[in-house]
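Raw contents of structure_27.cif, mmCIF, C-alpha atoms:
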```cif
data_target
#
loop_
_atom_site.label_atom_id
_atom_site.label_comp_id
_atom_site.auth_asym_id
_atom_site.auth_seq_id
_atom_site.Cartn_x
_atom_site.Cartn_y
_atom_site.Cartn_z
CA MET V 1 15.70 -7.59 23.32
CA ASP V 2 14.85 -5.89 26.62
CA ASN V 3 11.25 -5.18 27.55
CA ILE V 4 10.88 -1.83 29.32
CA VAL V 5 8.42 -1.51 32.21
CA THR V 6 8.00 2.08 33.39
CA LEU V 7 6.78 2.66 36.95
CA PHE V 8 6.36 5.90 38.83
CA GLU V 9 7.29 6.00 42.52
CA TYR V 10 4.96 3.95 44.74
CA ASP V 11 3.18 2.51 41.66
CA SER V 12 3.02 -1.27 41.26
CA ARG V 13 2.72 -3.79 38.43
CA LYS V 14 1.36 -7.33 38.65
CA PHE V 15 3.13 -10.15 36.85
CA GLU V 16 2.74 -13.82 36.00
CA ILE V 17 5.41 -16.52 36.28
CA ASP V 18 6.47 -18.05 32.96
CA ASP V 19 9.48 -19.58 31.25
CA GLN V 20 10.48 -16.25 29.63
CA ASP V 21 10.61 -12.55 30.51
CA TYR V 22 8.07 -10.63 28.48
CA TYR V 23 6.18 -7.32 28.56
CA ASN V 24 3.84 -5.99 25.86
CA GLY V 25 2.62 -2.84 27.59
CA ASP V 26 -0.12 -4.71 29.41
CA LYS V 27 0.92 -8.19 30.47
CA LEU V 28 4.18 -8.81 32.35
CA THR V 29 5.71 -12.26 32.76
CA LEU V 30 8.90 -13.08 34.66
CA THR V 31 11.01 -16.21 35.00
CA ASP V 32 11.89 -17.72 38.37
CA LYS V 33 15.52 -16.61 37.93
CA THR V 34 14.52 -13.00 37.25
CA ILE V 35 12.19 -13.02 40.26
CA GLU V 36 15.08 -14.29 42.40
CA GLU V 37 17.27 -11.39 41.24
CA LEU V 38 14.50 -8.87 41.96
CA LYS V 39 14.09 -10.38 45.42
CA LYS V 40 17.73 -9.48 46.17
CA LEU V 41 16.95 -5.84 45.36
CA SER V 42 13.78 -6.06 47.44
CA ASP V 43 15.86 -7.23 50.41
CA LYS V 44 17.86 -3.98 50.05
CA ASN V 45 14.58 -1.97 50.09
CA LEU V 46 15.20 -0.62 46.59
CA ILE V 47 11.86 -2.06 45.46
CA GLU V 48 9.10 -4.07 47.10
CA LEU V 49 8.43 -7.54 45.73
CA LYS V 50 5.10 -9.02 46.73
CA TRP V 51 3.35 -12.17 45.52
CA LYS V 52 3.18 -11.69 41.75
CA GLU V 53 3.55 -7.92 42.13
CA VAL V 54 6.50 -5.52 42.01
CA LYS V 55 6.15 -2.09 43.63
CA ALA V 56 8.34 1.00 43.31
CA LEU V 57 9.41 2.80 46.48
CA ASN V 58 11.28 6.09 46.95
CA TYR V 59 14.26 5.03 44.83
CA VAL V 60 14.30 6.05 41.18
CA GLY V 61 16.46 4.83 38.33
CA VAL V 62 16.71 1.62 36.35
CA ILE V 63 16.88 -2.11 37.05
CA LYS V 64 17.89 -4.67 34.44
CA ALA V 65 17.28 -8.31 35.31
CA GLY V 66 17.09 -11.07 32.74
CA ASN V 67 15.40 -9.62 29.66
CA ILE V 68 13.34 -7.09 31.61
CA THR V 69 14.18 -3.44 32.27
CA ILE V 70 12.25 -1.74 35.09
CA GLU V 71 12.43 2.04 34.85
CA ILE V 72 11.34 3.87 38.02
CA LEU V 73 10.70 7.60 37.77
CA PRO V 74 9.49 10.30 40.20
CA LYS V 75 5.88 11.38 39.78
CA PHE V 76 6.20 15.16 39.51
CA LEU V 77 2.54 16.20 39.53
CA LYS V 78 0.54 19.01 41.10
CA ASN V 79 -2.42 18.02 43.26
CA GLY V 80 -5.33 16.99 41.05
CA GLU V 81 -3.30 17.48 37.88
CA LYS V 82 -3.71 15.00 35.02
CA ARG V 83 -1.05 14.38 32.37
CA ASN V 84 -0.68 11.74 29.71
CA PHE V 85 1.97 9.09 30.18
CA GLU V 86 4.54 10.44 27.72
CA GLU V 87 4.29 14.00 29.04
CA LEU V 88 4.61 12.84 32.64
CA LYS V 89 7.61 10.68 31.76
CA GLY V 90 9.29 13.52 29.85
CA VAL V 91 8.95 15.97 32.75
CA ALA V 92 10.10 13.32 35.23
CA ILE V 93 13.30 12.52 33.31
CA LYS V 94 14.21 16.16 32.62
CA ASN V 95 13.54 17.29 36.21
CA LEU V 96 15.41 14.30 37.62
CA LEU V 97 18.45 15.14 35.46
CA LYS V 98 18.19 18.79 36.50
CA MET V 99 18.21 17.80 40.18
CA LEU V 100 21.19 15.49 39.64
CA GLU V 101 23.03 18.25 37.78
CA PHE V 102 22.17 20.94 40.34
CA THR V 103 23.35 18.81 43.27
CA GLN V 104 26.49 17.89 41.30
CA ARG V 105 25.67 14.19 41.58
CA LEU V 106 25.91 14.14 37.79
CA LYS V 107 28.89 16.18 36.60
CA ILE V 108 27.55 17.75 33.43
CA LYS V 109 28.65 21.08 32.03
CA GLU V 110 25.54 21.55 29.96
CA ILE V 111 22.55 19.38 29.13
CA ASP V 112 20.73 19.80 25.86
CA TYR V 113 17.26 19.25 27.33
CA THR V 114 15.61 20.11 24.02
CA GLY V 115 17.60 17.35 22.36
CA LEU V 116 16.56 14.87 25.03
CA GLU V 117 12.95 15.22 23.93
CA GLU V 118 13.94 13.52 20.68
CA VAL V 119 15.62 10.61 22.45
CA LYS V 120 13.43 7.54 22.17
CA HIS V 121 15.39 5.44 24.64
CA ASP V 122 14.76 4.86 28.34
CA PHE V 123 16.30 6.71 31.27
CA PHE V 124 19.14 4.18 31.35
CA GLU V 125 20.21 5.10 27.80
CA ILE V 126 19.96 8.82 28.52
CA PHE V 127 22.09 8.38 31.64
CA ILE V 128 24.74 6.44 29.69
CA TYR V 129 24.74 9.09 26.97
CA LEU V 130 25.38 11.94 29.41
CA PHE V 131 28.00 9.96 31.33
CA ALA V 132 29.89 8.87 28.20
CA LYS V 133 29.63 12.18 26.34
CA ASN V 134 30.99 14.24 29.24
CA LEU V 135 33.68 11.72 30.15
CA LEU V 136 34.84 11.62 26.52
CA SER V 137 35.01 15.44 26.44
CA LEU V 138 37.21 15.39 29.55
CA LEU V 139 39.51 12.63 28.25
CA LYS V 140 40.09 14.55 25.01
CA VAL V 141 41.78 17.37 26.93
CA LYS V 142 43.01 15.62 30.06
CA GLN V 143 44.02 12.08 30.99
CA ASN V 144 45.04 10.81 34.38
CA TYR V 145 48.68 9.74 34.72
CA GLU V 146 50.28 8.61 37.97
CA TYR V 147 53.82 7.78 39.03
CA VAL V 148 54.31 4.15 40.07
CA ARG V 149 57.34 2.78 41.93
CA ARG V 150 59.18 0.09 39.93
CA ARG V 151 62.01 -2.34 40.61
CA ASP V 152 63.89 -3.72 37.61
CA GLU V 153 67.27 -5.08 36.51
CA LEU V 154 68.67 -2.93 33.71
CA ARG V 155 71.90 -2.48 31.75
CA PHE V 156 71.89 1.25 32.58
CA VAL V 157 71.12 3.32 35.64
CA LYS V 158 67.56 4.54 35.94
CA GLY V 159 66.39 6.28 39.10
CA ARG V 160 68.70 4.98 41.82
CA ILE V 161 70.73 1.80 42.22
CA ASP V 162 69.42 -0.79 44.67
CA PHE V 163 72.78 -1.53 46.32
CA ALA V 164 71.24 -4.18 48.59
CA ARG V 165 70.78 -6.36 45.50
CA TYR V 166 73.89 -5.19 43.58
CA THR V 167 76.26 -7.71 45.18
CA ASN V 168 77.07 -10.36 42.56
CA PRO V 169 80.53 -9.66 40.95
CA ALA V 170 79.62 -11.88 38.03
CA ARG V 171 76.60 -9.73 37.19
CA LEU V 172 77.94 -6.23 37.62
CA HIS V 173 76.74 -5.41 34.09
CA ILE V 174 73.16 -5.99 35.29
CA ILE V 175 72.11 -3.07 37.52
CA PRO V 176 69.14 -3.42 39.94
CA CYS V 177 67.31 -0.07 39.92
CA ILE V 178 64.45 1.54 41.77
CA TYR V 179 62.66 4.22 39.82
CA TYR V 180 59.28 5.91 39.31
CA GLU V 181 57.44 5.53 36.03
CA ARG V 182 54.65 7.76 34.74
CA THR V 183 51.83 5.47 33.65
CA ILE V 184 48.26 5.66 32.40
CA ASN V 185 47.55 2.19 33.81
CA ASN V 186 46.25 3.27 37.23
CA LEU V 187 43.17 2.55 39.35
CA ILE V 188 41.20 5.61 38.19
CA ASN V 189 41.60 4.69 34.51
CA ARG V 190 40.98 0.99 35.16
CA THR V 191 37.72 1.92 36.90
CA LEU V 192 36.62 4.10 33.98
CA LYS V 193 37.53 1.50 31.36
CA TYR V 194 35.91 -1.41 33.20
CA THR V 195 32.68 0.53 33.76
CA CYS V 196 32.53 1.64 30.12
CA TYR V 197 33.10 -1.94 28.99
CA LEU V 198 30.21 -3.24 31.12
CA LEU V 199 27.89 -0.46 29.94
CA SER V 200 28.81 -1.14 26.31
CA ARG V 201 27.48 -4.68 26.79
CA LYS V 202 24.12 -3.46 28.10
CA THR V 203 23.35 -0.42 25.93
CA LYS V 204 21.00 -0.81 22.97
CA SER V 205 21.88 2.59 21.52
CA PRO V 206 24.43 2.66 18.63
CA GLU V 207 25.42 6.21 19.62
CA ASN V 208 26.07 5.21 23.24
CA TYR V 209 28.06 2.18 22.11
CA ARG V 210 30.17 4.41 19.83
CA LEU V 211 30.91 6.87 22.65
CA LEU V 212 31.85 4.10 25.09
CA ARG V 213 34.14 2.44 22.52
CA ARG V 214 35.91 5.77 21.85
CA ILE V 215 36.58 6.11 25.58
CA MET V 216 38.04 2.60 25.68
CA ASP V 217 40.20 3.39 22.64
CA ILE V 218 41.64 6.45 24.42
CA LEU V 219 42.36 4.18 27.41
CA ASP V 220 43.94 1.53 25.21
CA GLY V 221 47.06 1.36 27.38
CA VAL V 222 44.95 0.58 30.46
CA THR V 223 44.43 -3.03 31.54
CA LEU V 224 40.81 -4.21 31.32
CA THR V 225 40.31 -5.92 34.67
CA PRO V 226 37.46 -6.13 37.20
CA VAL V 227 37.27 -3.34 39.78
CA THR V 228 35.24 -3.57 42.99
CA PRO V 229 33.53 -0.74 44.93
CA GLN V 230 35.93 -1.50 47.80
CA GLU V 231 38.91 -0.79 45.53
CA ILE V 232 37.28 2.46 44.35
CA ASP V 233 36.98 3.58 47.98
CA ARG V 234 40.79 3.51 48.19
CA ILE V 235 41.21 6.13 45.47
CA THR V 236 42.55 9.45 46.72
CA PHE V 237 41.93 12.67 44.82
CA ASN V 238 44.12 15.73 44.50
CA ARG V 239 44.25 18.88 42.40
CA LEU V 240 45.60 16.88 39.43
CA ASN V 241 42.82 14.27 39.23
CA ILE V 242 39.87 15.98 40.95
CA ASP V 243 38.07 16.42 37.60
CA PHE V 244 37.60 12.63 37.47
CA LYS V 245 35.98 12.39 40.92
CA PRO V 246 32.30 12.75 39.84
CA PHE V 247 32.79 10.13 37.12
CA ILE V 248 34.43 7.73 39.57
CA GLU V 249 31.54 8.25 42.00
CA LEU V 250 29.09 7.34 39.22
CA CYS V 251 31.21 4.30 38.35
CA ARG V 252 30.96 3.17 41.96
CA LEU V 253 27.20 3.60 41.90
CA ILE V 254 27.00 1.56 38.69
CA LEU V 255 29.31 -1.25 39.87
CA GLU V 256 27.71 -1.46 43.31
CA GLY V 257 24.33 -2.40 41.82
CA SER V 258 25.64 -4.74 39.15
CA THR V 259 26.41 -8.46 38.83
CA LEU V 260 27.96 -7.93 35.39
CA THR V 261 31.40 -9.48 34.88
CA LEU V 262 33.94 -9.73 32.07
CA GLN V 263 32.46 -13.12 31.18
CA ALA V 264 28.78 -12.93 30.26
CA SER V 265 26.47 -15.25 32.20
CA LYS V 266 22.93 -16.39 31.54
CA ILE V 267 21.38 -14.14 34.17
CA GLU V 268 22.89 -10.74 34.89
CA THR V 269 21.48 -7.91 36.95
CA PHE V 270 22.18 -4.23 36.75
CA SER V 271 20.68 -1.51 38.90
CA LEU V 272 21.29 2.22 39.03
CA MET V 273 19.06 3.47 41.83
CA ILE V 274 19.03 6.99 43.27
CA PRO V 275 17.50 7.70 46.71
CA MET V 276 14.95 10.48 46.16
CA GLU V 277 14.97 11.37 49.86
CA LYS V 278 18.65 12.32 49.73
CA LEU V 279 18.40 13.95 46.30
CA PHE V 280 15.40 16.07 47.41
CA GLU V 281 17.27 17.18 50.53
CA GLU V 282 20.39 18.20 48.61
CA PHE V 283 18.44 19.90 45.82
CA VAL V 284 16.35 22.08 48.16
CA ALA V 285 19.42 23.07 50.20
CA ARG V 286 21.44 24.05 47.13
CA VAL V 287 18.59 26.04 45.60
CA ILE V 288 18.11 28.01 48.83
CA LEU V 289 21.86 28.66 49.02
CA LYS V 290 22.44 29.53 45.35
CA GLU V 291 19.35 31.74 45.05
CA GLY V 292 19.97 33.40 48.43
CA LEU V 293 16.46 32.60 49.69
CA HIS V 294 17.65 32.54 53.31
CA LYS V 295 18.15 36.30 53.02
CA VAL V 296 14.44 36.73 53.82
CA PHE V 297 15.67 36.58 57.43
CA GLY V 298 18.06 39.47 56.82
CA GLU V 299 20.97 40.37 54.58
CA ASN V 300 23.46 38.98 57.11
CA ALA V 301 21.65 35.64 57.36
CA GLU V 302 23.90 32.58 57.00
CA LEU V 303 22.83 29.19 55.65
CA LEU V 304 24.34 26.09 57.26
CA ILE V 305 23.87 22.74 55.48
CA GLN V 306 24.25 19.46 57.40
CA TYR V 307 25.40 21.45 60.43
CA LYS V 308 26.57 19.20 63.27
CA ILE V 309 25.15 20.56 66.51
CA GLY V 310 26.20 17.81 68.91
CA HIS V 311 24.37 14.78 70.26
CA LEU V 312 21.32 13.94 72.31
CA ALA V 313 22.86 11.41 74.68
CA GLU V 314 26.03 9.53 75.51
CA LYS V 315 26.91 6.22 77.12
CA VAL V 316 29.53 6.23 79.90
CA TYR V 317 31.39 2.98 80.60
CA LYS V 318 32.89 1.91 83.94
CA ASP V 319 36.42 2.51 82.65
CA GLY V 320 35.56 6.14 81.86
CA ARG V 321 35.12 5.70 78.10
CA ARG V 322 32.27 7.66 76.53
CA ARG V 323 30.24 6.81 73.45
CA VAL V 324 28.18 9.47 71.67
CA LEU V 325 24.59 8.47 70.85
CA PHE V 326 21.96 10.07 68.59
CA LYS V 327 24.02 12.65 66.68
CA LEU V 328 22.08 15.81 65.85
CA VAL V 329 22.55 17.02 62.27
CA PRO V 330 19.69 19.14 60.85
CA ASP V 331 19.47 19.35 57.06
CA ILE V 332 19.47 23.16 56.99
CA ALA V 333 19.86 25.90 59.60
CA VAL V 334 19.47 29.66 59.16
CA LYS V 335 21.67 31.73 61.45
CA VAL V 336 21.56 35.50 61.89
CA ASN V 337 24.55 36.86 63.82
CA ASP V 338 24.76 34.46 66.78
CA GLU V 339 21.10 33.45 66.77
CA PHE V 340 19.61 30.44 64.99
CA ARG V 341 16.37 31.70 63.48
CA LEU V 342 15.10 28.62 61.66
CA ILE V 343 15.73 24.87 61.41
CA ILE V 344 14.65 23.17 58.17
CA ASP V 345 14.31 19.43 57.63
CA THR V 346 13.29 17.93 54.31
CA LYS V 347 11.19 14.76 54.23
CA TYR V 348 10.56 12.85 51.02
CA LYS V 349 7.56 10.88 52.23
CA ARG V 350 3.81 10.73 51.98
CA LEU V 351 1.59 12.71 54.35
CA ASP V 352 -1.79 11.61 55.66
CA PRO V 353 -4.33 14.34 54.72
CA ASP V 354 -6.75 13.12 57.41
CA SER V 355 -4.25 13.43 60.24
CA ALA V 356 -4.78 16.24 62.74
CA LYS V 357 -1.00 16.68 62.77
CA LEU V 358 -1.01 17.51 59.04
CA GLY V 359 0.43 14.06 58.45
CA VAL V 360 3.64 14.83 60.37
CA SER V 361 4.93 11.71 62.11
CA SER V 362 5.77 11.77 65.82
CA GLN V 363 9.35 10.80 65.00
CA ASP V 364 9.80 13.82 62.68
CA ALA V 365 8.29 16.16 65.29
CA TYR V 366 10.50 14.82 68.10
CA GLN V 367 13.58 15.06 65.90
CA ILE V 368 13.15 18.67 64.84
CA TYR V 369 12.07 19.66 68.39
CA ALA V 370 15.38 18.27 69.68
CA TYR V 371 17.26 20.39 67.11
CA CYS V 372 15.42 23.50 68.22
CA LYS V 373 15.96 22.90 71.95
CA VAL V 374 19.72 22.39 71.51
CA LEU V 375 20.07 25.55 69.37
CA GLY V 376 17.48 27.66 71.18
CA THR V 377 15.47 28.14 67.98
CA LYS V 378 11.82 29.23 68.07
CA LYS V 379 10.84 28.21 64.53
CA ALA V 380 11.11 25.01 62.55
CA LEU V 381 10.05 24.07 59.03
CA LEU V 382 9.40 20.64 57.55
CA LEU V 383 9.44 20.56 53.75
CA TYR V 384 7.66 17.83 51.78
CA PRO V 385 7.38 17.31 48.01
CA ALA V 386 3.99 18.28 46.58
CA ASN V 387 3.81 15.10 44.48
CA LEU V 388 3.48 12.97 47.65
CA VAL V 389 1.12 15.28 49.54
CA ASP V 390 -2.60 15.93 49.22
CA ILE V 391 -3.35 18.48 51.95
CA ASP V 392 -5.34 21.69 51.74
CA SER V 393 -2.88 24.59 51.57
CA GLU V 394 -5.06 26.60 53.99
CA GLU V 395 -4.41 23.98 56.66
CA LEU V 396 -0.69 24.56 56.33
CA LYS V 397 -0.88 28.25 57.25
CA THR V 398 -1.43 27.44 60.93
CA PRO V 399 1.74 26.12 62.61
CA ILE V 400 1.88 23.28 65.11
CA ARG V 401 3.17 24.31 68.54
CA LEU V 402 5.74 21.96 70.05
CA GLY V 403 6.83 21.68 73.67
CA LYS V 404 5.09 21.93 77.01
CA GLU V 405 4.76 25.68 76.68
CA GLY V 406 4.34 25.66 72.90
CA GLU V 407 7.68 27.44 72.62
CA VAL V 408 8.54 26.09 69.15
CA GLU V 409 6.41 26.83 66.09
CA LEU V 410 6.52 24.01 63.55
CA PHE V 411 5.55 24.96 59.99
CA VAL V 412 4.88 22.54 57.17
CA GLY V 413 5.75 23.56 53.61
CA ILE V 414 4.93 21.83 50.35
CA VAL V 415 7.64 22.08 47.67
CA PRO V 416 6.31 22.05 44.09
CA LEU V 417 8.25 19.83 41.68
CA HIS V 418 5.72 19.76 38.82
CA TYR V 419 7.27 22.73 37.02
CA ASP V 420 9.61 22.17 34.10
CA LEU V 421 12.81 22.87 36.05
CA THR V 422 14.86 22.83 32.84
CA SER V 423 13.19 25.98 31.51
CA ASN V 424 14.01 29.44 32.85
CA GLU V 425 10.34 30.20 33.48
CA GLY V 426 9.64 26.88 35.21
CA PHE V 427 12.68 27.11 37.46
CA LYS V 428 11.83 30.73 38.31
CA ASP V 429 8.29 29.71 39.34
CA PHE V 430 9.71 26.92 41.51
CA VAL V 431 12.16 29.30 43.24
CA GLU V 432 9.41 31.88 43.87
CA GLU V 433 7.15 29.31 45.54
CA LEU V 434 10.00 28.08 47.73
CA GLU V 435 10.82 31.69 48.64
CA ASP V 436 7.16 32.33 49.56
CA ILE V 437 7.29 29.41 52.01
CA LEU V 438 10.38 30.84 53.70
CA LYS V 439 8.91 34.36 53.77
CA ALA V 440 5.69 33.16 55.39
CA THR V 441 7.74 31.39 58.04
CA ALA V 442 9.96 34.43 58.67
CA GLU V 443 7.09 36.90 58.88
CA SER V 444 4.75 34.89 61.12
#
```
If you convert what's in this file into structure tokens, what do you get?
Amino acid sequence: MDNIVTLFEYDSRKFEIDDQDYYNGDKLTLTDKTIEELKKLSDKNLIELKWKEVKALNYVGVIKAGNITIEILPKFLKNGEKRNFEELKGVAIKNLLKMLEFTQRLKIKEIDYTGLEEVKHDFFEIFIYLFAKNLLSLLKVKQNYEYVRRRDELRFVKGRIDFARYTNPARLHIIPCIYYERTINNLINRTLKYTCYLLSRKTKSPENYRLLRRIMDILDGVTLTPVTPQEIDRITFNRLNIDFKPFIELCRLILEGSTLTLQASKIETFSLMIPMEKLFEEFVARVILKEGLHKVFGENAELLIQYKIGHLAEKVYKDGRRRVLFKLVPDIAVKVNDEFRLIIDTKYKRLDPDSAKLGVSSQDAYQIYAYCKVLGTKKALLLYPANLVDIDSEELKTPIRLGKEGEVELFVGIVPLHYDLTSNEGFKDFVEELEDILKATAES
């Protein structure tokens, strides 16, 4: 049976080395083989493995190695706020799912957040449940069929005759044909079936196992064979199969962090890790766009997300070839008519409260200053999550002036993520605070 260790981002847990994986809520022991598997994830910077200590970084999700499950969750707390473990974990899971849903990283029509409060499993089981439930709902009304080119020798004409091979007078009753056959046994369905099979071997929930088995029953005509992330990258989507794209993307994420195979081995690893930096960036951008918060700069204000504005330098070779260096792509830009009024960059990192620069790193300042100089923008805004920042809000009201003449005003905003984003009231409070940050920047 798996032992679940729950860590919040940047928290750590000490462990002892033993001949079995074990965790009782206080003491954690790991085998040499499990430590070796965790070291591989540490080399990818998903976690940090020190001497007899494992530390969470800015990736959240779940890691399964040996008989240990490490669950890493975001710490959505307001400065100075205290919450008990179960309450903090509940808010973290619900808000994380909300962010995944809002950014469309998790294709879910509707989440029963109230029902999730009754789920006694870990984040891994909740993730499987949402994945399987929504995929099953889609497969009940739509399945992916593709036409595959076949060559066969038949006693009747099907498709067209392959005259290049129809040359033996003694076998004129056998007709070589080339035809297209509509089949369910295609790469999309093989990916779905293989992923569901692997998840069915790791889930401890009877309900999740039932859902996954029902999906595999629907895909009974599909060959169960290993699929690699490289094969998934070759899948092309069109208007007929686009509904399967989010599920295939999740399958790739699952398979990429897994050593599971069709044949069970003694030590298997599974990781489903989500970069909070990227998720935070996408979530903030989509909220501003969907709620129209950029309109504080005017009704005709336009929001540009991941807007490519050029490059900072280029390398010219002797033969005349040019190579672009240091591409400039701000997270968010607000444009009014032909004028760029604000550049926004999101940073999911800790700030130093004792720094005279409000904790802003030189690299972040140089980067956003370059954006502003290229676009001729006078204002810039760096947004940080409140759960990683402990700075007096009064300090943030005074902008930092960048440039020799102080021509660019750099504001620092703290985005609150401690609200219950799954409730109408909590999400409304979050949106209002984000709008206040943009208003203060626009009106200064």
Write out as a tab-separated table a residue-level contact list of stretch 172-232 of chain V versus stretch 132-141 of chain V with cut-off 10 Å: for each qualifying residue the closest pair of atoms and the distance in Å to one decimal, counting all atoms listed in the file, rows sorted by chain and residue number upward.
```
residue	atom	partner	partner_atom	distance
V:Leu192	CA	V:Leu135	CA	9.0
V:Cys196	CA	V:Ala132	CA	7.9
V:Leu199	CA	V:Ala132	CA	9.7
V:Glu207	CA	V:Lys133	CA	9.9
V:Asn208	CA	V:Ala132	CA	7.3
V:Tyr209	CA	V:Ala132	CA	9.2
V:Arg210	CA	V:Ala132	CA	9.5
V:Leu211	CA	V:Ala132	CA	6.0
V:Leu212	CA	V:Ala132	CA	6.0
V:Arg213	CA	V:Ala132	CA	9.6
V:Arg214	CA	V:Leu136	CA	7.6
V:Ile215	CA	V:Leu136	CA	5.9
V:Met216	CA	V:Leu136	CA	9.6
V:Ile218	CA	V:Leu139	CA	7.6
V:Leu219	CA	V:Leu139	CA	9.0
```
So which residues touch stretch 317-328 of chain V within 10 Å, counting only C-alpha atoms, skipping near sequence neighbours fewer than 4 positions away, as an NGL selection string?
:V and (306-313 or 367-368 or 370-371 or 374)
Show me, as a ChimeraX atom specification, the residues that have an atom within 8 Å of stretch 178-188 of chain V when counting all atoms listed in the file, minus same-chain residues fewer than 5 positions from it.
/V:143-152,158-162,219,221-223,232,235,244,248
Could you state which residues are captured by the PyMOL selection byres ((chain V and resi 383-386) around 7) in this file, as a list of chain:residue names?
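When the PyMOL selection byres ((chain V and resi 383-386) around 7) is applied to the shown file, the picked residues are V:Lys78, V:Asp345, V:Thr346, V:Lys347, V:Tyr348, V:Lys349, V:Leu381, V:Leu382, V:Asn387, V:Leu388, V:Val389, V:Val412, V:Gly413, V:Ile414, V:Val415, V:Pro416, V:Leu417.
Take atom CA of V:Thr195 and atom CA of V:Ile274: the distance between them is 17.8 Å.
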I need the residue nearest V:Ala380 from this list: V:Phe411, V:Phe283, V:Tyr166, V:Tyr366. Use only C-alpha atoms for the distance.
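That would be V:Phe411, the residue with the smallest distance to V:Ala380.
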Taking the file as I've supplied it (selection: the PyMOL selection byres ((chain V and resi 286) around 12)), which residues are included? Please answer as number ranges by chain.
V: 99-104, 279-285, 287-294, 303-306, 331-332, 431
Could you name the residues that touch V:Glu37 at 12 Å or less, counting all atoms listed in the file, but leaving out those on the same chain fewer than 5 positions away, as JSON, numbers by chain?
{"V": [30, 31, 32, 42, 43, 44, 47, 49, 63, 64, 65, 66, 67, 68, 257, 258, 259, 267, 268, 269, 270, 271]}
Please dump the current selection as a CSV table (one decimal), in the coordinates of the input; keep C-alpha atoms.
```csv
chain,number,residue,atom,x,y,z
V,30,LEU,CA,8.9,-13.1,34.7
V,31,THR,CA,11.0,-16.2,35.0
V,32,ASP,CA,11.9,-17.7,38.4
V,42,SER,CA,13.8,-6.1,47.4
V,43,ASP,CA,15.9,-7.2,50.4
V,44,LYS,CA,17.9,-4.0,50.0
V,47,ILE,CA,11.9,-2.1,45.5
V,49,LEU,CA,8.4,-7.5,45.7
V,63,ILE,CA,16.9,-2.1,37.0
V,64,LYS,CA,17.9,-4.7,34.4
V,65,ALA,CA,17.3,-8.3,35.3
V,66,GLY,CA,17.1,-11.1,32.7
V,67,ASN,CA,15.4,-9.6,29.7
V,68,ILE,CA,13.3,-7.1,31.6
V,257,GLY,CA,24.3,-2.4,41.8
V,258,SER,CA,25.6,-4.7,39.2
V,259,THR,CA,26.4,-8.5,38.8
V,267,ILE,CA,21.4,-14.1,34.2
V,268,GLU,CA,22.9,-10.7,34.9
V,269,THR,CA,21.5,-7.9,37.0
V,270,PHE,CA,22.2,-4.2,36.8
V,271,SER,CA,20.7,-1.5,38.9
```
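Atom pair atom CA of V:Arg201 / atom CA of V:Arg252 has a distance of 17.4 Å (rounded to one decimal).
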Could you jot down the atom CA of V:Leu255 to atom CA of V:Val60 separation for me, Å, one decimal place?
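Distance reported for this atom pair: 16.7 Å.
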Which is closer to V:Val329 than all the others in V:Trp51, V:Thr6, V:Arg155, V:Ile343, using all atoms listed in the file?
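Checking each of V:Trp51, V:Thr6, V:Arg155, V:Ile343 against V:Val329, counting all atoms listed in the file, the winner is V:Ile343.
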Let me make sure I understand: among V:Ile242, V:Leu97, V:Met273, V:Ile17, which one has the smallest atom-to-atom distance to V:Phe131 if we use only C-alpha atoms?
V:Leu97
Out of V:Val360, V:Ile175, V:Leu434, V:Ala365, which residue has the shortest atom-to-atom distance to V:Val296 when counting all atoms listed in the file?
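Using all atoms listed in the file, the shortest distance to V:Val296 belongs to V:Leu434.
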Please enumerate the residues selected by the PyMOL selection byres ((chain V and resi 408) around 10) when evaluated against the supplied file, formatted as a short mmCIF file (atom, residue, chain, number, x, y, z; two decimals) with C-alpha atoms, in the frame of the given file.
```cif
data_model
loop_
_atom_site.label_atom_id
_atom_site.label_comp_id
_atom_site.auth_asym_id
_atom_site.auth_seq_id
_atom_site.Cartn_x
_atom_site.Cartn_y
_atom_site.Cartn_z
CA ILE V 368 13.15 18.67 64.84
CA TYR V 369 12.07 19.66 68.39
CA CYS V 372 15.42 23.50 68.22
CA LYS V 373 15.96 22.90 71.95
CA GLY V 376 17.48 27.66 71.18
CA THR V 377 15.47 28.14 67.98
CA LYS V 378 11.82 29.23 68.07
CA LYS V 379 10.84 28.21 64.53
CA ALA V 380 11.11 25.01 62.55
CA PRO V 399 1.74 26.12 62.61
CA ILE V 400 1.88 23.28 65.11
CA ARG V 401 3.17 24.31 68.54
CA LEU V 402 5.74 21.96 70.05
CA GLY V 403 6.83 21.68 73.67
CA LYS V 404 5.09 21.93 77.01
CA GLU V 405 4.76 25.68 76.68
CA GLY V 406 4.34 25.66 72.90
CA GLU V 407 7.68 27.44 72.62
CA GLU V 409 6.41 26.83 66.09
CA LEU V 410 6.52 24.01 63.55
CA PHE V 411 5.55 24.96 59.99
#
```
